[in-house]
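Containing PDB, C-alpha atoms: model-v3.pdb.
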```
ATOM      1  CA  MET A  11     -24.770  12.891  45.812  1.00  0.00           C
ATOM      2  CA  LYS A  12     -21.743  15.155  45.249  1.00  0.00           C
ATOM      3  CA  PRO A  13     -19.873  12.612  43.051  1.00  0.00           C
ATOM      4  CA  ALA A  14     -22.978  12.127  40.885  1.00  0.00           C
ATOM      5  CA  CYS A  15     -23.449  15.867  40.515  1.00  0.00           C
ATOM      6  CA  ALA A  16     -19.765  16.328  39.643  1.00  0.00           C
ATOM      7  CA  ALA A  17     -19.932  13.524  37.060  1.00  0.00           C
ATOM      8  CA  PHE A  18     -23.052  15.018  35.491  1.00  0.00           C
ATOM      9  CA  THR A  19     -21.433  18.462  35.332  1.00  0.00           C
ATOM     10  CA  MET A  20     -18.306  17.002  33.710  1.00  0.00           C
ATOM     11  CA  CYS A  21     -20.350  15.124  31.101  1.00  0.00           C
ATOM     12  CA  LEU A  22     -22.370  18.232  30.317  1.00  0.00           C
ATOM     13  CA  ALA A  23     -19.230  20.346  29.915  1.00  0.00           C
ATOM     14  CA  LEU A  24     -17.665  17.769  27.586  1.00  0.00           C
ATOM     15  CA  ALA A  25     -20.818  17.536  25.489  1.00  0.00           C
ATOM     16  CA  ILE A  26     -20.926  21.313  25.038  1.00  0.00           C
ATOM     17  CA  CYS A  27     -17.215  21.654  24.255  1.00  0.00           C
ATOM     18  CA  ALA A  28     -16.986  18.671  21.891  1.00  0.00           C
ATOM     19  CA  THR A  29     -18.907  20.188  19.000  1.00  0.00           C
ATOM     20  CA  GLY A  30     -17.747  19.330  15.496  1.00  0.00           C
ATOM     21  CA  THR A  31     -16.518  21.907  13.048  1.00  0.00           C
ATOM     22  CA  ARG A  32     -18.568  22.689   9.995  1.00  0.00           C
ATOM     23  CA  TYR A  33     -15.540  23.674   7.920  1.00  0.00           C
ATOM     24  CA  VAL A  34     -14.043  20.826   5.886  1.00  0.00           C
ATOM     25  CA  THR A  35     -11.362  20.431   3.240  1.00  0.00           C
ATOM     26  CA  LEU A  36     -12.930  19.634  -0.121  1.00  0.00           C
ATOM     27  CA  PRO A  37     -11.066  18.680  -3.320  1.00  0.00           C
ATOM     28  CA  GLY A  38     -10.616  21.661  -5.638  1.00  0.00           C
ATOM     29  CA  TYR A  39     -11.242  24.259  -2.931  1.00  0.00           C
ATOM     30  CA  ALA A  40      -8.338  26.503  -1.905  1.00  0.00           C
ATOM     31  CA  TYR A  41      -9.568  26.972   1.689  1.00  0.00           C
ATOM     32  CA  LYS A  42     -11.458  24.992   4.311  1.00  0.00           C
ATOM     33  CA  THR A  43     -15.087  25.681   3.561  1.00  0.00           C
ATOM     34  CA  ASP A  44     -18.604  25.153   4.860  1.00  0.00           C
ATOM     35  CA  PRO A  45     -20.229  22.740   2.367  1.00  0.00           C
ATOM     36  CA  ASP A  46     -23.732  24.057   3.155  1.00  0.00           C
ATOM     37  CA  CYS A  47     -22.847  27.693   2.453  1.00  0.00           C
ATOM     38  CA  GLN A  48     -24.038  29.427  -0.733  1.00  0.00           C
ATOM     39  CA  ARG A  49     -20.818  30.742  -2.341  1.00  0.00           C
ATOM     40  CA  THR A  50     -20.688  34.105  -4.103  1.00  0.00           C
ATOM     41  CA  VAL A  51     -17.207  33.652  -5.637  1.00  0.00           C
ATOM     42  CA  PRO A  52     -15.445  30.764  -7.441  1.00  0.00           C
ATOM     43  CA  LYS A  53     -14.094  27.942  -5.286  1.00  0.00           C
ATOM     44  CA  ASP A  54     -10.447  28.921  -5.828  1.00  0.00           C
ATOM     45  CA  VAL A  55     -11.079  32.460  -4.489  1.00  0.00           C
ATOM     46  CA  TYR A  56     -11.466  33.205  -0.773  1.00  0.00           C
ATOM     47  CA  ASP A  57     -15.127  33.703   0.208  1.00  0.00           C
ATOM     48  CA  LYS A  58     -15.374  35.733   3.423  1.00  0.00           C
ATOM     49  CA  LYS A  59     -18.786  34.263   4.284  1.00  0.00           C
ATOM     50  CA  CYS A  60     -18.058  30.555   3.653  1.00  0.00           C
ATOM     51  CA  ASP A  61     -14.333  29.934   4.163  1.00  0.00           C
ATOM     52  CA  TRP A  62     -12.125  29.467   7.214  1.00  0.00           C
ATOM     53  CA  PRO A  63      -9.900  30.792   8.731  1.00  0.00           C
ATOM     54  CA  ARG A  64     -11.403  34.249   8.521  1.00  0.00           C
ATOM     55  CA  LEU A  65      -8.015  35.703   7.567  1.00  0.00           C
ATOM     56  CA  GLY A  66      -7.866  33.537   4.457  1.00  0.00           C
ATOM     57  CA  ILE A  67      -4.522  31.768   4.784  1.00  0.00           C
ATOM     58  CA  LYS A  68      -4.324  29.509   1.713  1.00  0.00           C
ATOM     59  CA  GLY A  69      -3.621  25.853   2.520  1.00  0.00           C
ATOM     60  CA  PHE A  70      -4.057  26.407   6.273  1.00  0.00           C
ATOM     61  CA  SER A  71      -4.305  23.309   8.423  1.00  0.00           C
ATOM     62  CA  GLN A  72      -4.025  22.653  12.126  1.00  0.00           C
ATOM     63  CA  PRO A  73      -0.534  21.566  13.159  1.00  0.00           C
ATOM     64  CA  SER A  74      -0.259  17.921  14.083  1.00  0.00           C
ATOM     65  CA  PRO A  75       0.340  17.217  17.761  1.00  0.00           C
ATOM     66  CA  ILE A  76       3.864  16.247  18.716  1.00  0.00           C
ATOM     67  CA  THR A  77       3.964  13.043  20.700  1.00  0.00           C
ATOM     68  CA  ILE A  78       6.985  11.977  22.653  1.00  0.00           C
ATOM     69  CA  GLY A  79       6.821   8.519  24.093  1.00  0.00           C
ATOM     70  CA  ILE A  80       8.331   5.130  24.355  1.00  0.00           C
TER      71      ILE A  80
END
```
Conversion result in structure tokens:
Amino acid sequence: MKPACAAFTMCLALAICATGTRYVTLPGYAYKTDPDCQRTVPKDVYDKKCDWPRLGIKGFSQPSPITIGI
């Protein structure tokens, strides 16, 4: 019973933590943006409500992971 409970708990934790991001990179937009958000400024200007990261770093992207292997 304990292994089944542990497996269920692990699956539940992974399902909660593995949510997708709603911010995507779209052509013509200066920042990652939420495509469903109603913008109040032009797409080349940072919109505090719709764009990410909240600090507004132009051209921001997550660094690629460094893999060292054979």
Residues near Cys47 (chain A), cut-off 12 Å, only C-alpha atoms, skip fewer than 4 positions along chain, as a PyMOL selection string: chain A and resi 32-34+42-43+51+53+57-62
Write a file of the selected residues as an mmCIF file, keeping the file's coordinate frame, keeping C-alpha atoms.
```cif
data_model
loop_
_atom_site.group_PDB
_atom_site.id
_atom_site.type_symbol
_atom_site.label_atom_id
_atom_site.label_comp_id
_atom_site.auth_asym_id
_atom_site.auth_seq_id
_atom_site.Cartn_x
_atom_site.Cartn_y
_atom_site.Cartn_z
ATOM 1 C CA ARG A 32 -18.568 22.689 9.995
ATOM 2 C CA TYR A 33 -15.540 23.674 7.920
ATOM 3 C CA VAL A 34 -14.043 20.826 5.886
ATOM 4 C CA LYS A 42 -11.458 24.992 4.311
ATOM 5 C CA THR A 43 -15.087 25.681 3.561
ATOM 6 C CA VAL A 51 -17.207 33.652 -5.637
ATOM 7 C CA LYS A 53 -14.094 27.942 -5.286
ATOM 8 C CA ASP A 57 -15.127 33.703 0.208
ATOM 9 C CA LYS A 58 -15.374 35.733 3.423
ATOM 10 C CA LYS A 59 -18.786 34.263 4.284
ATOM 11 C CA CYS A 60 -18.058 30.555 3.653
ATOM 12 C CA ASP A 61 -14.333 29.934 4.163
ATOM 13 C CA TRP A 62 -12.125 29.467 7.214
#
```
d(CA of Pro37 (chain A), CA of Val55 (chain A)) in Å: 13.8 Å
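The interatomic distance for the pair CA of Asp54 (chain A) and CA of Gly38 (chain A) works out to 7.3 Å.
Reported to one decimal place, the separation of CA of Arg49 (chain A) from CA of Thr35 (chain A) is 15.1 Å.
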Work out where the centre of an axis-aligned box around every listed atom of region 13-20 of chain A lies and how long its edges are once 8 Å is added on each side; give both in Å to one decimal as AutoDock Vina command-line options.
```
--center_x -20.9 --center_y 15.3 --center_z 38.4 --size_x 21.1 --size_y 22.3 --size_z 25.3
```
